[in-house]
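A.B. asks: Here's a structure for you.
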Amino acid sequence: MDSEPNMQSTSNLLDGVITDEDDEKYVGPSIRCVMFNLDSEVYGINVKKIREVLRVGTIRKVEGSAPSVLGVINVRGVIVTVVDTRTTYGLPYKPADDLSRIIIVELDTDNIVGMMVDCVMEVKDIPESQFEPMSATKEGASRYLQGIAHYNGDVIVLIDVDSMFSGQT
Amino acid sequence: MDEDILQDFLVEASELVEQLDEQLVELENSPTDSDLLNAVFRGFHTIKGGAGFLGVTPLIEVCHRAENVFDKIRNGDVSYDATAADIIMRAFDAISDYIQQLNDGVREFESADEGLLSELDALWKGGAAPKPEPAEEAASSQPKLELPDDVDPDGEISDDEFEALLNQRDALDNSGSNESESEEPKLALPDDVDPDGDITDDEFEALLNQRDMMDGLEESKESASSAPAPPPEPAKPTPPPEPKKASKPEAAKPDAAKAASAESTVRVDTRRLDEIMNLVGELVLVRNRLLTLRSSDGPEEALSNAVGNLDHVTTDLQASVMKTRMQPVKKVFGRFPRVVRDLARKLGKEIELELKGEETDLDKNLVEALADPLVHLVRNSVDHGVEMPDVREQAGKVRKGTVILAAEQEGDHILLSITDDGKGMDPDVLRRKAVEKGMMDEVSANQMDDKAAFELIMSAGFSTADQISDISGRGVGMDVVKNMITKLNGSIDINSVLGEGTQIKIRVPLTLAILPTLMVSFEDDSYAIPLTSVQEIFDYDSSQINRIDGQMMVRLREKSIPLLFLSDWLAPDQVKDNYAGDKVIIVSIGNQRAGLVVEQVNGQEEVVIKPLGVMMKHLEGYAGATITGNGNIALILDLPGVIQRFQY
């Protein structure tokens, strides 16, 4: 997978943002997540949903598309929509910089979408037991969240990408 | 219900339904053709077998009765006349309906239509004294007709098995007088052997082999093939099932579940795939050559040769890959014999449909997209083109009208034509109607040539119910047809001679995947406009532009054409009040014309259409995107959508 080198370099770059020292104290099944940042908040997406992580290249704007859509990119011959994850979560627009990445998410075999994030940190196994189940509150539903985990002192928000793009494919 | 088996059944049943559709219509022309009758009988029977396996009771019931009727028909007890044909057609419709429902995911069915069933029964009983029913039914009452034990009687039956059963039954029917044979019908000597005479070793062997075959299917499979002196037909026990077909239900592939959406697959001739593999190999070699040339800084001539080579191979590769998506136009044409037959009967007309060039290949998407417009046009020909038999006779024509549906390849296009020998269209009537409708004044109507007059029928709003009776009638929804064809980047051409007939020609590109476009751009953003719609390009000249009723119009050869300033939409940040230096592209969509004002025209390019992805599928004004020669993305404009956008 093309994502490997990208994620490797990013995680080296940001070594120490999340420490792994306490991993052993958790047992049971875990969810492997790709962790990323929006401002200072830490989010995770199940690695099974992710095809690759790309550096930001040229994004072709498409006039008339939804405000959260940044445009389209060419991923080896496939036209992929890129959404601004910041806009989705109500954060102000911020131009892409060196740390910005596009996470290519597989919704199903035919539909992939790119999510622009502030930076991608690393891949982590988060014990399922650490996730607080999301009650079906309006808040949870509107923010496309699958669960929240307290892990090694961080609050990690696990994103439900399917609900984020449901009805859009 | 086992989904794997169901999917296999659906694929097979759909093919059978298609065949039956043609065969049934054909049968009306030659109702005594025994090959055809047998084929139809087998078709119903096979569907019944599959349905039995899956337990779709109403489907079984209808098939079973249709099969009974055809058994009578091929025995000559019932004739396949118009009444019978109508009932059978309805049964057939019911069957294809069930199969469609299965395809759509329906798994529970109400019981079959009693009326239809009893009509079929009546038809069946209408024949001579009841004879033993074929196949399974006979199996229960006549123990000598047996399927091998391991074959589910309701399961799929191979043609060979079926023939064997038929033969067994025939043998029973014919052998009533011959006691010894009817007792042991399975062991028989060749006809030319005197049963009381001496028996040769070979013959004896053959008989032994025959007997062994009865012992079990396992042995029968081998011995049947190895039996010296093959036994005569009637004595032949059930031969080994044709492996491919008979094993289907059991051998349902594990991945068949994925085939749930049966329509998304295309069967591809392996030779075509080999061709592709070859060309891809070539492509890699040429590419490697290019790579070495680049590093060794070789002479420029070698480089350009290599690039030229690459170009050729890529073009061929493109064509080959395209072929994998091709299907014969027969797929669309296949339904027309039935459509024409039903409509002609309803209207009391006599019409013969001729199909030409059925083997012409075209893109799978096109096959599907063309079906509706063609049905429309053929119906029009039958309904409004061809006259009633009496009228035809009075006009000195043969009573039977002809509609010809033809397809042929013409370069990179497919030409489809619908020709009838009906009454044709009167251009003067059309001109008058146009004036009455307020579509144009009398002077311009009279200036119009005949061809342009015929094209009027494709204008939206030109056709209303009260007109179709006194003009030739074409026009119901012709604007819709025109739009559909335009969407496929095709064109329609109408020719008609009053009293002699009408011909409509549709020209569509071989494939939808590749589109010749005109590239335009605003600053760095490029857009592709489908070239088929582009009529002309000229410089923006403000002296020719007027504001009429709030709409900017350009005057072009005494006509005013509305202008769409694409920058308002595609470059909204730009504040622009001077369009000098911009270009106007006149496009025609259906019967509408518009002038698109763009900043820059970059020339022609053939592009591969790629769909826009998530959250953009329904964005108005875009047909997709493409990657240009320099690796950038260009958006392909969908002109009807663009015009819609500007009309608010």
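As shown in the structure tokens, the chain order sets the letters A, B, ...; within each chain, residues go from 1, and ligands are also counted from 1 in the order they appear.
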Do a neighbour search on Tyr151 (chain A) at 8 Å with only C-alpha atoms, toss out local chain neighbours closer than 5 positions, and write the hits as JSON, numbers by chain.

C.D. replies: {"A": [126, 130, 156]}

A.B. asks: May I have the residues from that selection written out with N, CA and C atoms, as a tab-separated table (two decimals), in the first residue's frame?

C.D. replies:
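again23.tsv written:
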```tsv
chain	number	residue	atom	x	y	z
A	126	ILE	N	-6.15	0.60	19.54
A	126	ILE	CA	-6.84	1.10	20.72
A	126	ILE	C	-7.78	0.00	21.23
A	130	GLN	N	-11.70	0.53	25.79
A	130	GLN	CA	-11.51	1.93	26.12
A	130	GLN	C	-12.58	2.84	25.51
A	156	ILE	N	-9.61	10.36	22.30
A	156	ILE	CA	-9.57	10.04	20.87
A	156	ILE	C	-10.99	9.88	20.36
```

A.B. asks: Within 12 Å of chain B, which residues of chain A show up? Give each one with its shortest atom-to-atom distance in Å (one decimal) and the two atoms involved, counting only C-alpha atoms, rows by chain then rising residue number, as a tab-separated table.

C.D. replies:
```
residue	atom	partner	partner_atom	distance
A:Gly57	CA	B:Asn632	CA	10.9
A:Thr58	CA	B:Asn632	CA	8.4
A:Ile59	CA	B:Ile633	CA	8.9
A:Arg60	CA	B:Ile633	CA	6.7
A:Lys61	CA	B:Asp525	CA	8.4
A:Val62	CA	B:Leu635	CA	8.0
A:Glu63	CA	B:Leu570	CA	5.7
A:Gly64	CA	B:Leu619	CA	7.3
A:Ser65	CA	B:Met616	CA	6.7
A:Ala66	CA	B:Met615	CA	7.7
A:Pro67	CA	B:Met615	CA	10.8
A:Ser68	CA	B:Met615	CA	9.8
A:Val69	CA	B:Met615	CA	8.0
A:Leu70	CA	B:Met615	CA	11.1
A:Gly71	CA	B:Met616	CA	9.5
A:Val72	CA	B:Ile633	CA	8.1
A:Ile73	CA	B:Ile633	CA	7.4
A:Asn74	CA	B:Ile633	CA	6.9
A:Val75	CA	B:Ile627	CA	10.4
A:Arg76	CA	B:Gly631	CA	9.9
A:Gly77	CA	B:Ile627	CA	7.3
A:Val78	CA	B:Lys610	CA	7.3
A:Ile79	CA	B:Leu612	CA	6.2
A:Val80	CA	B:Gly613	CA	5.7
A:Thr81	CA	B:Gly613	CA	5.6
A:Val82	CA	B:Val614	CA	8.8
A:Val83	CA	B:Met615	CA	9.1
A:Ile104	CA	B:Val614	CA	11.9
A:Val105	CA	B:Val614	CA	11.0
A:Glu106	CA	B:Val614	CA	10.7
A:Leu107	CA	B:Val614	CA	9.3
A:Asp108	CA	B:Val614	CA	11.0
A:Asp110	CA	B:Gly613	CA	9.3
A:Asn111	CA	B:Val614	CA	6.6
A:Ile112	CA	B:Val614	CA	7.1
A:Val113	CA	B:Val614	CA	6.3
A:Gly114	CA	B:Val614	CA	9.4
A:Met115	CA	B:Val614	CA	11.5
A:Asp162	CA	B:Val614	CA	11.8
A:Met164	CA	B:Met615	CA	10.9
A:Phe165	CA	B:Val614	CA	7.8
A:Ser166	CA	B:Met615	CA	9.7
A:Gly167	CA	B:Met615	CA	8.6
A:Gln168	CA	B:Met615	CA	4.9
A:Thr169	CA	B:Val614	CA	4.9
```

A.B. asks: I need the chosen residues saved as a tab-separated table (two decimals), in the first residue's frame, with C-alpha atoms.

C.D. replies:
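Saved to again_0.tsv:
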```
chain	number	residue	atom	x	y	z
A	57	GLY	CA	-1.10	18.14	-4.41
A	58	THR	CA	-3.20	20.16	-6.79
A	59	ILE	CA	-6.86	20.13	-5.91
A	60	ARG	CA	-9.16	21.01	-8.76
A	61	LYS	CA	-12.01	23.16	-7.54
A	62	VAL	CA	-15.48	22.22	-8.76
A	63	GLU	CA	-17.80	25.20	-8.86
A	64	GLY	CA	-21.22	24.59	-7.47
A	65	SER	CA	-20.28	21.75	-5.14
A	66	ALA	CA	-21.10	21.64	-1.43
A	67	PRO	CA	-19.18	24.05	0.84
A	68	SER	CA	-17.33	21.22	2.57
A	69	VAL	CA	-15.98	19.95	-0.75
A	70	LEU	CA	-12.54	21.27	-1.62
A	71	GLY	CA	-12.53	19.77	-5.09
A	72	VAL	CA	-11.24	16.72	-6.89
A	73	ILE	CA	-7.84	15.12	-7.21
A	74	ASN	CA	-6.37	12.58	-9.58
A	75	VAL	CA	-5.35	9.44	-7.72
A	76	ARG	CA	-3.63	7.30	-10.38
A	77	GLY	CA	-6.33	7.88	-12.93
A	78	VAL	CA	-9.31	7.93	-10.58
A	79	ILE	CA	-11.09	11.18	-9.84
A	80	VAL	CA	-11.53	11.46	-6.09
A	81	THR	CA	-13.57	14.04	-4.22
A	82	VAL	CA	-11.71	15.78	-1.39
A	83	VAL	CA	-13.68	17.11	1.54
A	104	ILE	CA	-8.26	8.30	1.14
A	105	VAL	CA	-11.19	6.48	2.68
A	106	GLU	CA	-12.95	3.52	1.09
A	107	LEU	CA	-16.69	3.76	1.59
A	108	ASP	CA	-17.24	0.65	-0.51
A	110	ASP	CA	-16.70	1.69	-5.91
A	111	ASN	CA	-16.64	4.78	-3.80
A	112	ILE	CA	-13.61	6.40	-2.32
A	113	VAL	CA	-13.30	9.86	-0.90
A	114	GLY	CA	-10.44	12.00	0.32
A	115	MET	CA	-10.51	13.71	3.71
A	162	ASP	CA	-19.86	5.60	6.55
A	164	MET	CA	-20.42	10.88	7.25
A	165	PHE	CA	-20.97	10.12	3.59
A	166	SER	CA	-24.16	8.13	3.74
A	167	GLY	CA	-26.49	9.04	0.92
A	168	GLN	CA	-23.70	10.81	-0.93
A	169	THR	CA	-22.41	7.91	-2.95
```

A.B. asks: Find the distance between CA of Asp4 (chain B) and CA of Phe53 (chain B) and write it in Å to one decimal.

C.D. replies: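 Rounded to one decimal, the two atoms are 12.2 Å apart.
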
A.B. asks: Pick out the residues sitting within 8 Å of Ile589 (chain B), and hand them over as a PDB file with C-alpha atoms, in the first residue's frame; count only C-alpha atoms, and ignore anything fewer than 3 positions along from it in its own chain.

C.D. replies:
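Once everything was written out, this is out.pdb:
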```pdb
ATOM      1  CA  ASN B 483     -32.807  14.303 -26.016  1.00  0.00           C
ATOM      2  CA  THR B 486     -28.191  13.729 -27.771  1.00  0.00           C
ATOM      3  CA  SER B 533     -22.726  19.761 -29.839  1.00  0.00           C
ATOM      4  CA  GLN B 592     -31.986  24.730 -28.657  1.00  0.00           C
ATOM      5  CA  ARG B 593     -28.969  26.787 -29.477  1.00  0.00           C
ATOM      6  CA  LEU B 639     -24.652  21.009 -21.882  1.00  0.00           C
ATOM      7  CA  PRO B 640     -28.328  20.329 -21.105  1.00  0.00           C
TER       8      PRO B 640
END
```

A.B. asks: Env of Phe36 (chain A): 12 Å cut, atoms = only C-alpha atoms, seq-sep filter 5 positions within chain, self excluded. Answer as a PDB file with N, CA and C atoms, in the first residue's frame.

C.D. replies:
```pdb
ATOM      1  N   MET A   7       2.848   7.362   6.012  1.00  0.00           N
ATOM      2  CA  MET A   7       2.478   7.366   7.415  1.00  0.00           C
ATOM      3  C   MET A   7       3.704   7.183   8.274  1.00  0.00           C
ATOM      4  N   THR A  10       5.488  10.436   8.654  1.00  0.00           N
ATOM      5  CA  THR A  10       4.762  11.382   9.483  1.00  0.00           C
ATOM      6  C   THR A  10       4.902  11.013  10.950  1.00  0.00           C
ATOM      7  N   SER A  11       4.844   9.716  11.223  1.00  0.00           N
ATOM      8  CA  SER A  11       4.856   9.352  12.625  1.00  0.00           C
ATOM      9  C   SER A  11       6.239   9.575  13.218  1.00  0.00           C
ATOM     10  N   LEU A  14       6.577  13.110  14.213  1.00  0.00           N
ATOM     11  CA  LEU A  14       5.807  13.574  15.354  1.00  0.00           C
ATOM     12  C   LEU A  14       5.989  12.648  16.551  1.00  0.00           C
ATOM     13  N   VAL A  17       4.158  12.427  20.305  1.00  0.00           N
ATOM     14  CA  VAL A  17       2.869  13.090  20.499  1.00  0.00           C
ATOM     15  C   VAL A  17       1.955  12.201  21.336  1.00  0.00           C
ATOM     16  N   ILE A  18       1.940  10.916  20.974  1.00  0.00           N
ATOM     17  CA  ILE A  18       1.249   9.957  21.830  1.00  0.00           C
ATOM     18  C   ILE A  18       2.274   8.906  22.226  1.00  0.00           C
ATOM     19  N   GLU A  41      -7.418  18.637  18.545  1.00  0.00           N
ATOM     20  CA  GLU A  41      -8.174  17.425  18.836  1.00  0.00           C
ATOM     21  C   GLU A  41      -7.616  16.218  18.085  1.00  0.00           C
ATOM     22  N   VAL A  42      -7.690  15.061  18.739  1.00  0.00           N
ATOM     23  CA  VAL A  42      -7.185  13.836  18.131  1.00  0.00           C
ATOM     24  C   VAL A  42      -8.366  12.986  17.664  1.00  0.00           C
ATOM     25  N   TYR A  43      -8.302  12.570  16.384  1.00  0.00           N
ATOM     26  CA  TYR A  43      -9.368  11.746  15.824  1.00  0.00           C
ATOM     27  C   TYR A  43      -8.775  10.437  15.313  1.00  0.00           C
ATOM     28  N   GLY A  44      -9.615   9.446  15.210  1.00  0.00           N
ATOM     29  CA  GLY A  44      -9.147   8.176  14.652  1.00  0.00           C
ATOM     30  C   GLY A  44     -10.126   7.652  13.627  1.00  0.00           C
ATOM     31  N   ILE A  45      -9.580   6.969  12.628  1.00  0.00           N
ATOM     32  CA  ILE A  45     -10.430   6.278  11.659  1.00  0.00           C
ATOM     33  C   ILE A  45      -9.942   4.840  11.596  1.00  0.00           C
ATOM     34  N   ASN A  46     -10.852   3.920  11.645  1.00  0.00           N
ATOM     35  CA  ASN A  46     -10.506   2.510  11.548  1.00  0.00           C
ATOM     36  C   ASN A  46      -9.655   2.276  10.298  1.00  0.00           C
ATOM     37  N   VAL A  47      -8.523   1.631  10.506  1.00  0.00           N
ATOM     38  CA  VAL A  47      -7.564   1.483   9.412  1.00  0.00           C
ATOM     39  C   VAL A  47      -8.154   0.657   8.262  1.00  0.00           C
ATOM     40  N   VAL A  53      -2.772   7.328   2.429  1.00  0.00           N
ATOM     41  CA  VAL A  53      -2.694   8.714   2.888  1.00  0.00           C
ATOM     42  C   VAL A  53      -1.788   9.446   1.906  1.00  0.00           C
ATOM     43  N   THR A  85     -12.234  18.181   6.136  1.00  0.00           N
ATOM     44  CA  THR A  85     -12.758  17.625   7.386  1.00  0.00           C
ATOM     45  C   THR A  85     -12.970  18.730   8.421  1.00  0.00           C
ATOM     46  N   ARG A  86     -12.168  19.785   8.349  1.00  0.00           N
ATOM     47  CA  ARG A  86     -12.335  20.903   9.281  1.00  0.00           C
ATOM     48  C   ARG A  86     -13.730  21.510   9.129  1.00  0.00           C
ATOM     49  N   LEU A  99       2.177  19.870   6.701  1.00  0.00           N
ATOM     50  CA  LEU A  99       1.711  18.731   7.493  1.00  0.00           C
ATOM     51  C   LEU A  99       0.360  18.192   7.013  1.00  0.00           C
ATOM     52  N   SER A 100      -0.335  18.986   6.213  1.00  0.00           N
ATOM     53  CA  SER A 100      -1.667  18.571   5.781  1.00  0.00           C
ATOM     54  C   SER A 100      -1.584  17.279   4.962  1.00  0.00           C
ATOM     55  N   ARG A 101      -2.587  16.435   5.141  1.00  0.00           N
ATOM     56  CA  ARG A 101      -2.633  15.185   4.393  1.00  0.00           C
ATOM     57  C   ARG A 101      -4.056  14.947   3.909  1.00  0.00           C
ATOM     58  N   ILE A 102      -4.144  14.142   2.868  1.00  0.00           N
ATOM     59  CA  ILE A 102      -5.462  13.694   2.421  1.00  0.00           C
ATOM     60  C   ILE A 102      -5.558  12.205   2.718  1.00  0.00           C
ATOM     61  N   ILE A 103      -6.502  11.850   3.563  1.00  0.00           N
ATOM     62  CA  ILE A 103      -6.714  10.432   3.876  1.00  0.00           C
ATOM     63  C   ILE A 103      -7.732   9.896   2.883  1.00  0.00           C
ATOM     64  N   MET A 115     -10.229  12.806   2.588  1.00  0.00           N
ATOM     65  CA  MET A 115     -10.508  13.710   3.705  1.00  0.00           C
ATOM     66  C   MET A 115      -9.254  14.503   4.021  1.00  0.00           C
ATOM     67  N   MET A 116      -9.353  15.810   3.858  1.00  0.00           N
ATOM     68  CA  MET A 116      -8.203  16.658   4.168  1.00  0.00           C
ATOM     69  C   MET A 116      -8.131  16.875   5.678  1.00  0.00           C
ATOM     70  N   VAL A 117      -6.981  16.566   6.275  1.00  0.00           N
ATOM     71  CA  VAL A 117      -6.824  16.762   7.724  1.00  0.00           C
ATOM     72  C   VAL A 117      -5.561  17.578   7.993  1.00  0.00           C
ATOM     73  N   ASP A 118      -5.453  18.101   9.194  1.00  0.00           N
ATOM     74  CA  ASP A 118      -4.315  18.971   9.523  1.00  0.00           C
ATOM     75  C   ASP A 118      -2.995  18.210   9.543  1.00  0.00           C
ATOM     76  N   CYS A 119      -3.035  17.013  10.154  1.00  0.00           N
ATOM     77  CA  CYS A 119      -1.843  16.183  10.059  1.00  0.00           C
ATOM     78  C   CYS A 119      -2.177  14.757  10.470  1.00  0.00           C
ATOM     79  N   VAL A 120      -1.463  13.797   9.904  1.00  0.00           N
ATOM     80  CA  VAL A 120      -1.670  12.396  10.246  1.00  0.00           C
ATOM     81  C   VAL A 120      -0.534  11.990  11.154  1.00  0.00           C
ATOM     82  N   MET A 121      -0.879  11.320  12.260  1.00  0.00           N
ATOM     83  CA  MET A 121       0.167  11.041  13.229  1.00  0.00           C
ATOM     84  C   MET A 121       0.697   9.623  13.129  1.00  0.00           C
ATOM     85  N   GLU A 122      -0.112   8.646  13.427  1.00  0.00           N
ATOM     86  CA  GLU A 122       0.403   7.282  13.447  1.00  0.00           C
ATOM     87  C   GLU A 122      -0.755   6.310  13.432  1.00  0.00           C
ATOM     88  N   VAL A 123      -0.393   5.026  13.391  1.00  0.00           N
ATOM     89  CA  VAL A 123      -1.408   3.980  13.473  1.00  0.00           C
ATOM     90  C   VAL A 123      -1.336   3.401  14.873  1.00  0.00           C
ATOM     91  N   LYS A 124      -2.454   3.315  15.543  1.00  0.00           N
ATOM     92  CA  LYS A 124      -2.457   2.812  16.917  1.00  0.00           C
ATOM     93  C   LYS A 124      -3.536   1.767  17.105  1.00  0.00           C
ATOM     94  N   ILE A 156      -9.610  10.357  22.305  1.00  0.00           N
ATOM     95  CA  ILE A 156      -9.569  10.039  20.872  1.00  0.00           C
ATOM     96  C   ILE A 156     -10.993   9.875  20.364  1.00  0.00           C
ATOM     97  N   VAL A 157     -11.307  10.605  19.331  1.00  0.00           N
ATOM     98  CA  VAL A 157     -12.649  10.551  18.771  1.00  0.00           C
ATOM     99  C   VAL A 157     -12.615   9.646  17.541  1.00  0.00           C
ATOM    100  N   LEU A 158     -13.352   8.550  17.611  1.00  0.00           N
ATOM    101  CA  LEU A 158     -13.367   7.624  16.475  1.00  0.00           C
ATOM    102  C   LEU A 158     -14.480   8.028  15.509  1.00  0.00           C
ATOM    103  N   ILE A 159     -14.086   8.255  14.263  1.00  0.00           N
ATOM    104  CA  ILE A 159     -15.039   8.766  13.277  1.00  0.00           C
ATOM    105  C   ILE A 159     -15.718   7.625  12.533  1.00  0.00           C
TER     106      ILE A 159
END
```

A.B. asks: So how many Å separate CA of Ser14 (chain B) and CA of Arg341 (chain B), to one decimal?

C.D. replies: 20.9 Å

A.B. asks: Report, in Å with one decimal, the straight-line distance from CA of Ser567 (chain B) to CA of Met553 (chain B).

C.D. replies: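 So the two atoms, CA of Ser567 (chain B) and CA of Met553 (chain B), lie 16.2 Å apart.
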
A.B. asks: Tell me which protein, DNA and RNA residues are within 7 Å of Glu132 (chain A), counting only C-alpha atoms, leaving out same-chain ones fewer than 6 positions away, and put them as a PyMOL selection string.

C.D. replies: chain A and resi 147-149

A.B. asks: Could you turn the residues from that selection into a file that holds C-alpha atoms, as a tab-separated table (two decimals), in the first residue's frame?

C.D. replies:
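Result file follows (again04.tsv):
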```
chain	number	residue	atom	x	y	z
A	147	GLY	CA	-17.15	6.38	19.91
A	148	ILE	CA	-14.76	8.23	22.20
A	149	ALA	CA	-11.78	6.61	23.87
```

A.B. asks: If you count only C-alpha atoms, which residues fall within 9 Å of Pro127 (chain A), apart from same-chain ones fewer than 3 positions away, as number ranges by chain?

C.D. replies: A: 26-32, 130-131, 149, 151

A.B. asks: Counting only C-alpha atoms, figure out which residue out of A:Arg55, A:Asp160, A:Leu38, A:Asp125 gets nearest to Gly90 (chain A).

C.D. replies: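 Closest candidate: A:Leu38.
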
A.B. asks: Taking only region 517-642 of chain B into account, list the residues labelled helix (DSSP H, G or I) by DSSP (computed from the backbone), as a ChimeraX atom specification.

C.D. replies: /B:531-533,542-544,566-570,639-642

A.B. asks: Save the residues we just selected, N, CA and C atoms, as a PDB file, in the first residue's frame?

C.D. replies:
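Writing done, so here's out.pdb:
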```
ATOM      1  N   LEU B 531     -17.793  17.679 -28.304  1.00  0.00           N
ATOM      2  CA  LEU B 531     -17.606  18.293 -29.618  1.00  0.00           C
ATOM      3  C   LEU B 531     -18.825  18.137 -30.521  1.00  0.00           C
ATOM      4  N   THR B 532     -19.584  17.056 -30.304  1.00  0.00           N
ATOM      5  CA  THR B 532     -20.739  16.830 -31.185  1.00  0.00           C
ATOM      6  C   THR B 532     -21.734  17.975 -31.117  1.00  0.00           C
ATOM      7  N   SER B 533     -21.755  18.686 -29.982  1.00  0.00           N
ATOM      8  CA  SER B 533     -22.726  19.761 -29.839  1.00  0.00           C
ATOM      9  C   SER B 533     -22.212  21.091 -30.372  1.00  0.00           C
ATOM     10  N   SER B 542     -18.786  42.885 -29.064  1.00  0.00           N
ATOM     11  CA  SER B 542     -19.873  43.522 -28.312  1.00  0.00           C
ATOM     12  C   SER B 542     -20.871  44.231 -29.230  1.00  0.00           C
ATOM     13  N   SER B 543     -20.448  44.567 -30.464  1.00  0.00           N
ATOM     14  CA  SER B 543     -21.380  45.261 -31.351  1.00  0.00           C
ATOM     15  C   SER B 543     -22.485  44.331 -31.839  1.00  0.00           C
ATOM     16  N   GLN B 544     -22.277  43.043 -31.724  1.00  0.00           N
ATOM     17  CA  GLN B 544     -23.287  42.082 -32.169  1.00  0.00           C
ATOM     18  C   GLN B 544     -24.159  41.590 -31.006  1.00  0.00           C
ATOM     19  N   LEU B 566     -20.221  31.721 -19.103  1.00  0.00           N
ATOM     20  CA  LEU B 566     -19.827  30.629 -18.220  1.00  0.00           C
ATOM     21  C   LEU B 566     -19.007  31.112 -17.032  1.00  0.00           C
ATOM     22  N   SER B 567     -18.316  32.250 -17.196  1.00  0.00           N
ATOM     23  CA  SER B 567     -17.477  32.702 -16.086  1.00  0.00           C
ATOM     24  C   SER B 567     -18.314  33.057 -14.859  1.00  0.00           C
ATOM     25  N   ASP B 568     -19.584  33.467 -15.078  1.00  0.00           N
ATOM     26  CA  ASP B 568     -20.441  33.760 -13.929  1.00  0.00           C
ATOM     27  C   ASP B 568     -20.564  32.553 -13.012  1.00  0.00           C
ATOM     28  N   TRP B 569     -20.518  31.407 -13.645  1.00  0.00           N
ATOM     29  CA  TRP B 569     -20.701  30.180 -12.870  1.00  0.00           C
ATOM     30  C   TRP B 569     -19.355  29.545 -12.498  1.00  0.00           C
ATOM     31  N   LEU B 570     -18.444  29.493 -13.476  1.00  0.00           N
ATOM     32  CA  LEU B 570     -17.226  28.725 -13.276  1.00  0.00           C
ATOM     33  C   LEU B 570     -16.084  29.543 -12.673  1.00  0.00           C
ATOM     34  N   LEU B 639     -24.013  19.799 -21.363  1.00  0.00           N
ATOM     35  CA  LEU B 639     -24.652  21.009 -21.882  1.00  0.00           C
ATOM     36  C   LEU B 639     -26.123  21.170 -21.493  1.00  0.00           C
ATOM     37  N   PRO B 640     -26.948  20.121 -21.569  1.00  0.00           N
ATOM     38  CA  PRO B 640     -28.328  20.329 -21.105  1.00  0.00           C
ATOM     39  C   PRO B 640     -28.367  20.830 -19.668  1.00  0.00           C
ATOM     40  N   GLY B 641     -27.473  20.282 -18.831  1.00  0.00           N
ATOM     41  CA  GLY B 641     -27.407  20.715 -17.442  1.00  0.00           C
ATOM     42  C   GLY B 641     -26.951  22.157 -17.325  1.00  0.00           C
ATOM     43  N   VAL B 642     -25.993  22.548 -18.172  1.00  0.00           N
ATOM     44  CA  VAL B 642     -25.483  23.911 -18.139  1.00  0.00           C
ATOM     45  C   VAL B 642     -26.609  24.888 -18.468  1.00  0.00           C
TER      46      VAL B 642
END
```
